[in-house]
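Here is the file structure_9.cif (mmCIF, C-alpha atoms and all ligand atoms).
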```cif
data_data
loop_
_atom_site.label_atom_id
_atom_site.label_comp_id
_atom_site.auth_asym_id
_atom_site.auth_seq_id
_atom_site.Cartn_x
_atom_site.Cartn_y
_atom_site.Cartn_z
CA MET A 1 24.55 -45.39 16.40
CA GLY A 2 21.86 -44.32 13.97
CA ARG A 3 22.08 -41.81 11.18
CA VAL A 4 22.54 -38.15 12.00
CA TYR A 5 21.15 -35.08 10.27
CA ASN A 6 24.13 -34.19 8.12
CA PHE A 7 24.29 -30.52 7.12
CA SER A 8 27.67 -30.84 5.42
CA ALA A 9 28.36 -28.61 2.41
CA GLY A 10 30.02 -31.51 0.64
CA PRO A 11 30.54 -34.38 0.39
CA ALA A 12 27.01 -34.28 1.64
CA VAL A 13 23.88 -36.19 2.57
CA LEU A 14 22.51 -38.68 0.02
CA PRO A 15 18.98 -40.11 -0.11
CA GLU A 16 18.68 -43.00 2.34
CA GLU A 17 16.73 -45.05 -0.22
CA VAL A 18 19.65 -44.78 -2.62
CA LEU A 19 22.17 -45.87 -0.01
CA LYS A 20 20.01 -48.83 0.99
CA GLU A 21 19.57 -49.95 -2.59
CA ALA A 22 23.30 -49.68 -3.20
CA ALA A 23 23.90 -51.73 -0.05
CA GLU A 24 21.55 -54.45 -1.27
CA GLU A 25 23.36 -54.58 -4.60
CA MET A 26 26.83 -54.38 -3.10
CA LEU A 27 27.88 -58.02 -3.46
CA ASP A 28 25.85 -59.02 -6.46
CA TYR A 29 24.67 -56.37 -8.88
CA LYS A 30 21.59 -57.71 -10.66
CA GLY A 31 22.80 -61.29 -10.96
CA THR A 32 26.26 -60.39 -12.29
CA GLY A 33 27.80 -61.96 -9.20
CA MET A 34 29.92 -58.89 -8.59
CA SER A 35 29.78 -55.38 -7.27
CA VAL A 36 29.61 -52.42 -9.65
CA MET A 37 33.02 -51.52 -8.17
CA GLU A 38 34.45 -54.72 -9.55
CA MET A 39 33.09 -54.77 -13.07
CA SER A 40 34.63 -53.67 -16.35
CA HIS A 41 33.63 -50.24 -17.55
CA ARG A 42 33.25 -51.92 -20.97
CA SER A 43 30.80 -54.53 -19.64
CA LYS A 44 27.18 -54.80 -20.74
CA ALA A 45 26.00 -54.12 -17.18
CA PHE A 46 27.99 -50.90 -16.87
CA ASP A 47 27.03 -49.80 -20.35
CA THR A 48 23.41 -49.95 -19.23
CA ILE A 49 24.21 -48.07 -16.02
CA ILE A 50 25.91 -45.12 -17.72
CA LYS A 51 23.42 -44.90 -20.59
CA GLU A 52 20.43 -44.96 -18.23
CA ALA A 53 22.10 -42.38 -16.01
CA GLU A 54 22.58 -40.07 -18.98
CA GLN A 55 19.03 -40.57 -20.22
CA ASP A 56 17.52 -39.98 -16.78
CA LEU A 57 19.55 -36.79 -16.40
CA ARG A 58 18.42 -35.67 -19.86
CA ASP A 59 14.81 -36.31 -18.86
CA LEU A 60 15.14 -34.49 -15.54
CA MET A 61 16.80 -31.39 -16.98
CA ASN A 62 15.13 -31.50 -20.35
CA ILE A 63 18.55 -31.38 -22.04
CA PRO A 64 18.29 -30.65 -25.78
CA GLU A 65 19.78 -33.00 -28.38
CA ASN A 66 22.54 -30.56 -29.26
CA TYR A 67 24.11 -30.79 -25.81
CA LYS A 68 26.52 -33.53 -24.74
CA VAL A 69 26.49 -34.94 -21.24
CA LEU A 70 29.95 -35.85 -19.98
CA PHE A 71 30.85 -37.75 -16.82
CA LEU A 72 34.32 -36.54 -15.88
CA GLN A 73 36.81 -36.62 -13.03
CA GLY A 74 39.14 -34.13 -11.39
CA GLY A 75 36.48 -32.30 -9.41
CA ALA A 76 34.89 -29.02 -10.29
CA SER A 77 38.34 -27.47 -9.80
CA GLN A 78 39.75 -29.31 -12.83
CA GLN A 79 37.15 -27.57 -14.96
CA PHE A 80 38.57 -24.20 -13.88
CA ALA A 81 41.39 -25.01 -16.35
CA ALA A 82 39.50 -27.19 -18.85
CA ILE A 83 36.99 -24.43 -19.62
CA PRO A 84 39.52 -21.81 -20.81
CA MET A 85 41.58 -24.48 -22.59
CA ASN A 86 38.58 -25.56 -24.63
CA LEU A 87 36.76 -22.27 -25.07
CA MET A 88 39.36 -19.51 -25.33
CA LYS A 89 39.58 -19.04 -29.08
CA ASN A 90 40.18 -15.29 -28.65
CA LYS A 91 41.94 -15.83 -25.34
CA VAL A 92 39.51 -13.49 -23.61
CA ALA A 93 36.91 -14.27 -20.96
CA ASP A 94 34.74 -12.35 -18.51
CA TYR A 95 34.25 -13.57 -14.96
CA ILE A 96 31.75 -12.50 -12.31
CA ILE A 97 33.27 -12.95 -8.88
CA THR A 98 30.68 -13.90 -6.29
CA GLY A 99 32.77 -16.03 -3.96
CA GLN A 100 35.82 -18.17 -3.52
CA TRP A 101 34.93 -20.74 -6.17
CA ALA A 102 34.36 -18.07 -8.81
CA LYS A 103 37.57 -16.39 -7.77
CA LYS A 104 39.56 -19.61 -8.02
CA ALA A 105 38.15 -20.22 -11.49
CA TYR A 106 39.06 -16.65 -12.43
CA GLN A 107 42.60 -17.04 -11.15
CA GLU A 108 43.10 -20.34 -12.95
CA ALA A 109 41.81 -18.93 -16.24
CA GLN A 110 44.44 -16.17 -16.05
CA LYS A 111 47.03 -18.78 -16.98
CA TYR A 112 45.47 -19.07 -20.42
CA GLY A 113 44.42 -15.65 -21.58
CA LYS A 114 43.12 -12.21 -20.75
CA VAL A 115 40.56 -12.58 -18.03
CA ASN A 116 38.36 -9.72 -16.91
CA ALA A 117 36.55 -9.50 -13.58
CA ILE A 118 33.48 -7.64 -14.86
CA ALA A 119 31.65 -7.64 -11.53
CA SER A 120 32.37 -8.70 -7.97
CA SER A 121 30.76 -8.75 -4.55
CA GLU A 122 34.04 -9.13 -2.71
CA ASP A 123 33.61 -5.61 -1.25
CA GLU A 124 30.92 -6.97 1.08
CA THR A 125 32.33 -10.44 1.75
CA TYR A 126 30.33 -11.88 -1.13
CA SER A 127 27.07 -11.38 0.74
CA TYR A 128 25.13 -10.47 -2.40
CA ILE A 129 24.91 -11.06 -6.15
CA PRO A 130 25.88 -7.98 -8.19
CA ASP A 131 23.40 -6.47 -10.65
CA CYS A 132 24.24 -8.27 -13.88
CA SER A 133 21.71 -6.68 -16.18
CA ASP A 134 24.13 -4.39 -18.02
CA LEU A 135 27.73 -5.39 -17.43
CA PRO A 136 30.73 -4.30 -19.51
CA ILE A 137 30.90 -7.58 -21.42
CA SER A 138 34.06 -7.68 -23.55
CA GLU A 139 33.50 -7.39 -27.27
CA ASP A 140 35.73 -10.39 -27.95
CA ALA A 141 34.94 -12.48 -24.86
CA ASP A 142 34.86 -16.20 -25.59
CA TYR A 143 32.48 -16.69 -22.68
CA VAL A 144 31.06 -15.22 -19.48
CA TYR A 145 31.62 -17.27 -16.35
CA ILE A 146 29.53 -17.50 -13.19
CA CYS A 147 29.29 -19.65 -10.09
CA GLU A 148 25.53 -19.91 -9.89
CA ASN A 149 25.16 -20.95 -6.25
CA ASN A 150 27.85 -19.83 -3.85
CA THR A 151 28.32 -22.73 -1.49
CA ILE A 152 30.45 -20.90 1.06
CA TYR A 153 28.56 -17.60 1.24
CA GLY A 154 25.02 -18.84 0.62
CA THR A 155 24.00 -16.70 -2.34
CA LYS A 156 22.38 -17.69 -5.61
CA TYR A 157 21.63 -15.91 -8.89
CA LYS A 158 17.86 -15.49 -9.15
CA THR A 159 18.23 -14.24 -12.71
CA LEU A 160 21.09 -15.15 -15.00
CA PRO A 161 23.41 -12.35 -16.14
CA ASN A 162 22.76 -10.58 -19.39
CA THR A 163 25.76 -11.84 -21.37
CA LYS A 164 24.88 -9.74 -24.42
CA GLY A 165 24.97 -12.76 -26.65
CA LYS A 166 28.15 -14.31 -25.26
CA THR A 167 28.27 -17.94 -24.16
CA LEU A 168 27.37 -18.44 -20.50
CA VAL A 169 29.39 -20.96 -18.50
CA ALA A 170 28.09 -21.89 -15.05
CA ASP A 171 29.46 -23.83 -12.12
CA VAL A 172 26.31 -25.30 -10.57
CA SER A 173 28.05 -27.70 -8.16
CA SER A 174 25.94 -26.78 -5.16
CA CYS A 175 22.58 -26.24 -6.88
CA PHE A 176 22.69 -29.09 -9.41
CA LEU A 177 19.19 -30.57 -9.81
CA SER A 178 17.76 -28.45 -7.00
CA GLU A 179 15.26 -26.81 -9.37
CA PRO A 180 14.43 -26.76 -13.09
CA VAL A 181 16.83 -24.91 -15.40
CA ASP A 182 16.62 -23.77 -18.98
CA VAL A 183 19.67 -25.53 -20.41
CA THR A 184 19.49 -23.53 -23.65
CA LYS A 185 20.58 -20.40 -21.77
CA TYR A 186 24.00 -21.91 -21.13
CA GLY A 187 26.97 -23.02 -23.21
CA ILE A 188 28.29 -25.16 -20.37
CA ILE A 189 26.64 -26.23 -17.13
CA TYR A 190 28.93 -28.22 -14.90
CA GLY A 191 29.36 -29.33 -11.34
CA GLY A 192 31.06 -31.69 -8.98
CA VAL A 193 28.37 -34.12 -7.86
CA GLN A 194 29.44 -34.40 -4.23
CA LYS A 195 27.26 -31.48 -3.16
CA ASN A 196 23.79 -32.35 -4.33
CA VAL A 197 23.94 -35.42 -6.57
CA GLY A 198 26.31 -38.22 -5.60
CA PRO A 199 29.63 -39.30 -4.14
CA ALA A 200 32.84 -37.31 -4.70
CA GLY A 201 34.80 -38.26 -7.80
CA VAL A 202 32.36 -37.40 -10.57
CA VAL A 203 31.94 -34.11 -12.39
CA ILE A 204 29.08 -33.73 -14.81
CA ALA A 205 29.48 -31.30 -17.70
CA ILE A 206 26.61 -30.48 -20.04
CA ILE A 207 28.12 -28.82 -23.08
CA ARG A 208 26.58 -27.35 -26.23
CA GLU A 209 28.00 -29.26 -29.18
CA ASP A 210 29.38 -26.28 -31.07
CA LEU A 211 31.73 -25.64 -28.13
CA ILE A 212 33.29 -29.08 -28.51
CA SER A 213 36.04 -29.19 -31.12
CA ASP A 214 39.70 -29.87 -31.87
CA ASP A 215 40.32 -26.14 -31.77
CA VAL A 216 41.65 -25.98 -28.21
CA LEU A 217 44.62 -24.16 -26.69
CA GLU A 218 47.98 -25.61 -27.56
CA GLY A 219 49.17 -28.05 -24.95
CA THR A 220 45.68 -28.99 -23.73
CA PRO A 221 46.00 -32.49 -22.24
CA THR A 222 44.11 -35.18 -24.14
CA MET A 223 42.03 -35.91 -21.05
CA LEU A 224 40.98 -32.28 -20.65
CA LYS A 225 39.85 -31.86 -24.23
CA TYR A 226 36.05 -32.08 -24.28
CA LYS A 227 36.18 -33.63 -27.75
CA THR A 228 38.14 -36.62 -26.43
CA GLN A 229 35.50 -37.25 -23.78
CA ALA A 230 32.56 -36.57 -26.08
CA ASP A 231 33.83 -38.80 -28.90
CA ASN A 232 34.24 -41.63 -26.43
CA ASP A 233 30.95 -41.19 -24.52
CA SER A 234 32.91 -40.47 -21.31
CA LEU A 235 34.74 -43.79 -21.70
CA TYR A 236 38.06 -42.62 -23.12
CA ASN A 237 39.64 -44.07 -20.02
CA THR A 238 38.17 -45.73 -16.94
CA PRO A 239 35.45 -43.41 -15.64
CA PRO A 240 34.47 -43.15 -11.96
CA CYS A 241 32.15 -46.15 -12.39
CA TYR A 242 30.76 -46.51 -8.90
CA GLY A 243 30.12 -42.80 -8.55
CA ILE A 244 28.25 -42.71 -11.85
CA TYR A 245 26.18 -45.68 -10.69
CA ILE A 246 25.15 -43.83 -7.51
CA CYS A 247 24.38 -40.65 -9.49
CA GLY A 248 22.15 -42.78 -11.70
CA LYS A 249 20.26 -43.97 -8.66
CA VAL A 250 19.84 -40.41 -7.43
CA PHE A 251 18.43 -39.44 -10.86
CA LYS A 252 15.86 -42.23 -10.56
CA TRP A 253 15.07 -41.12 -7.01
CA LEU A 254 14.44 -37.58 -8.31
CA LYS A 255 12.26 -38.86 -11.15
CA ASN A 256 10.18 -40.95 -8.73
CA MET A 257 9.77 -37.89 -6.55
CA GLY A 258 8.19 -36.06 -9.47
CA GLY A 259 11.19 -34.32 -11.01
CA LEU A 260 12.80 -30.94 -10.52
CA GLU A 261 9.61 -28.89 -10.26
CA VAL A 262 8.60 -30.93 -7.21
CA MET A 263 12.14 -30.81 -5.86
CA LYS A 264 12.12 -27.04 -6.14
CA GLN A 265 8.88 -26.81 -4.12
CA LYS A 266 10.33 -29.06 -1.44
CA ASN A 267 13.56 -27.06 -1.34
CA GLU A 268 11.66 -23.77 -1.06
CA GLU A 269 9.57 -25.17 1.77
CA LYS A 270 12.63 -26.37 3.65
CA ALA A 271 14.60 -23.17 3.16
CA LYS A 272 11.62 -21.06 4.25
CA ILE A 273 11.43 -22.87 7.58
CA LEU A 274 15.02 -21.93 8.35
CA TYR A 275 15.00 -18.41 6.90
CA ASP A 276 11.71 -17.54 8.62
CA PHE A 277 13.23 -18.56 11.90
CA LEU A 278 16.40 -16.56 11.26
CA ASP A 279 14.37 -13.47 10.35
CA GLN A 280 12.59 -13.38 13.70
CA SER A 281 15.38 -14.68 15.94
CA LYS A 282 17.11 -12.25 18.30
CA MET A 283 20.19 -14.45 18.50
CA PHE A 284 20.73 -15.97 15.05
CA LYS A 285 21.12 -13.87 11.93
CA GLY A 286 21.38 -14.77 8.27
CA THR A 287 24.45 -13.25 6.64
CA VAL A 288 23.40 -12.49 3.06
CA ARG A 289 21.06 -10.14 1.23
CA LYS A 290 17.55 -11.58 1.35
CA GLU A 291 16.89 -11.42 -2.40
CA ASP A 292 20.01 -13.44 -3.09
CA ARG A 293 19.55 -16.22 -0.57
CA SER A 294 20.47 -19.73 -1.62
CA LEU A 295 17.98 -22.55 -1.19
CA MET A 296 20.86 -24.94 -0.56
CA ASN A 297 23.42 -23.30 1.73
CA VAL A 298 22.26 -21.21 4.67
CA PRO A 299 24.99 -19.38 6.61
CA PHE A 300 24.13 -17.73 9.91
CA VAL A 301 25.85 -16.24 12.94
CA THR A 302 25.11 -15.23 16.51
CA GLY A 303 27.62 -12.39 16.36
CA ASP A 304 29.61 -13.98 19.20
CA LYS A 305 32.35 -16.46 18.30
CA ASP A 306 32.18 -18.33 21.59
CA LEU A 307 28.44 -18.68 21.35
CA ASP A 308 28.79 -19.93 17.75
CA ALA A 309 31.25 -22.58 18.93
CA LYS A 310 28.97 -23.57 21.79
CA PHE A 311 26.05 -23.90 19.40
CA VAL A 312 28.00 -26.07 16.95
CA ALA A 313 29.21 -28.33 19.76
CA GLU A 314 25.78 -28.75 21.36
CA ALA A 315 24.14 -29.27 17.97
CA LYS A 316 26.60 -32.06 17.22
CA GLU A 317 25.81 -33.62 20.57
CA ALA A 318 22.13 -33.56 19.59
CA GLY A 319 22.71 -35.27 16.23
CA PHE A 320 23.04 -32.25 13.90
CA GLU A 321 26.38 -32.66 12.17
CA ASN A 322 28.64 -30.33 10.18
CA LEU A 323 27.01 -27.02 11.07
CA LYS A 324 30.30 -25.18 11.44
CA GLY A 325 30.68 -22.42 8.85
CA HIS A 326 33.44 -22.50 6.23
CA ARG A 327 36.87 -21.98 7.77
CA THR A 328 37.23 -18.63 5.99
CA VAL A 329 33.86 -17.26 7.11
CA GLY A 330 33.20 -18.60 10.61
CA GLY A 331 29.77 -18.84 12.19
CA MET A 332 27.45 -21.60 11.04
CA ARG A 333 26.21 -22.96 7.76
CA ALA A 334 23.40 -25.43 7.23
CA SER A 335 23.52 -27.07 3.81
CA ILE A 336 20.05 -28.36 3.09
CA TYR A 337 20.47 -30.20 -0.18
CA ASN A 338 17.82 -32.29 -1.97
CA ALA A 339 18.42 -35.31 0.25
CA MET A 340 17.96 -33.43 3.55
CA PRO A 341 14.46 -34.33 4.73
CA LYS A 342 12.12 -31.54 5.81
CA GLU A 343 12.00 -32.95 9.33
CA GLY A 344 15.78 -32.46 9.55
CA VAL A 345 15.28 -28.73 9.05
CA GLU A 346 12.27 -28.62 11.38
CA LYS A 347 14.22 -30.36 14.11
CA LEU A 348 17.21 -28.08 13.60
CA VAL A 349 14.99 -25.02 13.97
CA ALA A 350 13.40 -26.48 17.12
CA PHE A 351 16.90 -27.03 18.48
CA MET A 352 17.93 -23.47 17.61
CA LYS A 353 14.84 -22.09 19.38
CA GLU A 354 15.65 -24.04 22.49
CA PHE A 355 19.28 -22.94 22.36
CA GLU A 356 18.22 -19.33 22.02
CA GLU A 357 15.90 -19.54 25.03
CA LYS A 358 18.54 -21.21 27.18
CA ASN A 359 21.26 -18.77 26.24
CA ALA A 360 19.30 -15.54 26.06
C1 LIG A 401 32.80 -27.59 -3.82
C2 LIG A 401 32.77 -26.65 -4.95
C3 LIG A 401 33.80 -26.60 -5.89
C4 LIG A 401 35.05 -27.45 -5.79
O1 LIG A 401 34.75 -28.75 -6.06
P1 LIG A 401 35.88 -29.87 -6.17
O2 LIG A 401 35.11 -31.01 -6.74
O3 LIG A 401 36.37 -30.12 -4.78
O4 LIG A 401 36.94 -29.38 -7.05
C5 LIG A 401 33.67 -25.73 -6.95
N1 LIG A 401 32.59 -24.95 -7.08
C6 LIG A 401 31.58 -24.98 -6.19
C7 LIG A 401 30.40 -24.09 -6.40
C8 LIG A 401 31.64 -25.83 -5.11
O5 LIG A 401 30.63 -25.83 -4.22
#
```
Since I need it in another form, could you write the structure as structure tokens?
Ligand SMILES: *Cc1c(COP(=O)(O)O)cnc(C)c1O
Amino acid sequence: MGRVYNFSAGPAVLPEEVLKEAAEEMLDYKGTGMSVMEMSHRSKAFDTIIKEAEQDLRDLMNIPENYKVLFLQGGASQQFAAIPMNLMKNKVADYIITGQWAKKAYQEAQKYGKVNAIASSEDETYSYIPDCSDLPISEDADYVYICENNTIYGTKYKTLPNTKGKTLVADVSSCFLSEPVDVTKYGIIYGGVQKNVGPAGVVIAIIREDLISDDVLEGTPTMLKYKTQADNDSLYNTPPCYGIYICGKVFKWLKNMGGLEVMKQKNEEKAKILYDFLDQSKMFKGTVRKEDRSLMNVPFVTGDKDLDAKFVAEAKEAGFENLKGHRTVGGMRASIYNAMPKEGVEKLVAFMKEFEEKNA
């Protein structure tokens, strides 16, 4: 069986070129006589892999010198605790709740201090991004937290919140490297890589240096202290070596493609194909406010549960995998990350058209 079009929200599709290259290097990485999976994380070969990966990421995102790049483990979810532990000097933080991942981060942070939900879109099943131009930011907030792209609901901030001078912390798991960002607007940008960058097991955190110190909450585990990881260039203990290696390949793939400006154009083109279809379809409907639509995750419904199920089953049969919506939302969701080729989206839309005609 050949490869399918994989619309999974994560772990998700990776560039075929990257997978092929990794396959070629599987048994003998560049004359070392071993796989990257088998080599010491202190070896010369791995040192080159992690340093190149960091440099390529710095080039792609234009990361300033005063930001550290950390390759961590524990998933994005581990950061829900690490962030308050490292940043809560006043034990106060403001959270904007735009979906389940933001809510989970908010709930976790409550273990460590006073956490305020300063805005939320829960009232309309997270189908929009609240107006964040003039929020009641707490005077003594250590940071303001957002989930920039909401993987489950399919919304994305088109403008960052006005934090009134407070440090912005953003979970970018599902929009990492999908378009250019101005790193200087954030204190921390972090994400699990299994959505848009690499295999599960790696979390990348880009942290402004002044936020990295020994002044962390009492009881913070050594491993969760950013300073430990920063002082040791992400090699305090064994890092997720193979995952970092694949991320490095994806960074090179992005650079060869022309970088994040080009990636953004491609992502806009792809998303437009699907959204344009949804906007004129009599059967399929997008579920979120148009201005807040994500370029990466596109949820849609027919309005009829049985028809949704029929669509997902027939799509799978036709080689379109993982189109079922999140278990808490229902309907469908097409995740169209960087590595999803345009023809995958075109073919999906052609299939949807046909399905609509047959089932009208
Ligand atoms: C998937 C996801 C998470 C959770 O990631 P884990 O690595 O499984 O902990 C958190 N935030 C966002 C935005 C996600 O898409």
Which residue gives the smallest distance to ligand LIG 401 (chain A) among A:Leu160, A:Ala23, A:Ile189, A:Leu274, with only C-alpha atoms and all ligand atoms counted?
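Result for the nearest residue to ligand LIG 401 (chain A): A:Ile189.
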What residues of the protein or nucleic acid chains come within 9 Å of ligand LIG 401 (chain A) when you use all atoms listed in the file? Reply as a PyMOL selection string.
chain A and resi 9-11+73-80+99-102+104-105+147-152+171-175+191-195+200-203
Just want the 10 Å neighbourhood of Lys158 (chain A), counted on all atoms listed in the file, with same-chain residues fewer than 6 positions away dropped. Output as an MDAnalysis selection string.
chainID A and resid 129 148:149 291:294
Create the file for the chosen residues now, containing C-alpha atoms and written as an mmCIF file, in the frame of the given file.
```
data_model
loop_
_atom_site.group_PDB
_atom_site.id
_atom_site.type_symbol
_atom_site.label_atom_id
_atom_site.label_comp_id
_atom_site.auth_asym_id
_atom_site.auth_seq_id
_atom_site.Cartn_x
_atom_site.Cartn_y
_atom_site.Cartn_z
ATOM 1 C CA ILE A 129 24.910 -11.060 -6.150
ATOM 2 C CA GLU A 148 25.530 -19.910 -9.890
ATOM 3 C CA ASN A 149 25.160 -20.950 -6.250
ATOM 4 C CA GLU A 291 16.890 -11.420 -2.400
ATOM 5 C CA ASP A 292 20.010 -13.440 -3.090
ATOM 6 C CA ARG A 293 19.550 -16.220 -0.570
ATOM 7 C CA SER A 294 20.470 -19.730 -1.620
#
```
Computed interatomic separation between CA of Lys347 (chain A) and CA of Ile246 (chain A) (Å):
27.7 Å
Tell me, in Å to one decimal, how far CA of Ala230 (chain A) is from CA of Asp210 (chain A).
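Between CA of Ala230 (chain A) and CA of Asp210 (chain A) the gap is 11.9 Å.
If all atoms listed in the file are the atoms counted, then among A:Gly165, A:Pro221, A:Pro64, A:Gly187 the closest residue to Ala205 (chain A) is A:Gly187.
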From the set A:Lys44, A:Arg208, A:Lys255, A:Arg3, which residue has the shortest atom-to-atom contact distance to Asp56 (chain A), counting all atoms listed in the file?
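Answer, going by the shortest atom-to-atom distance: A:Lys255.
Using only C-alpha atoms, the smallest distance between any of A:Asn256, A:Asn338, A:Asn297, A:Ser43 and Tyr275 (chain A) comes from A:Asn297.
Counting only C-alpha atoms and comparing A:Ile96, A:Met88, A:Ala117, A:Ala334, the residue that lies closest to Leu211 (chain A) is A:Met88.
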Mind working out the centre and edge lengths of an axis-aligned box for region 151-170 of chain A, all listed atoms inside, 8 Å added to each side, rounded to one decimal in Å and written as AutoDock Vina command-line options?
```
--center_x 24.2 --center_y -16.2 --center_z -12.7 --size_x 28.6 --size_y 29.0 --size_z 43.9
```
Of A:Thr287, A:Asn267, A:Gln280, A:Asn86, the one nearest to Ala339 (chain A) when counting only C-alpha atoms is A:Asn267
Quick one, how far is CA of Glu122 (chain A) from CA of Lys103 (chain A)?
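For CA of Glu122 (chain A) relative to CA of Lys103 (chain A), the distance reads 9.5 Å.
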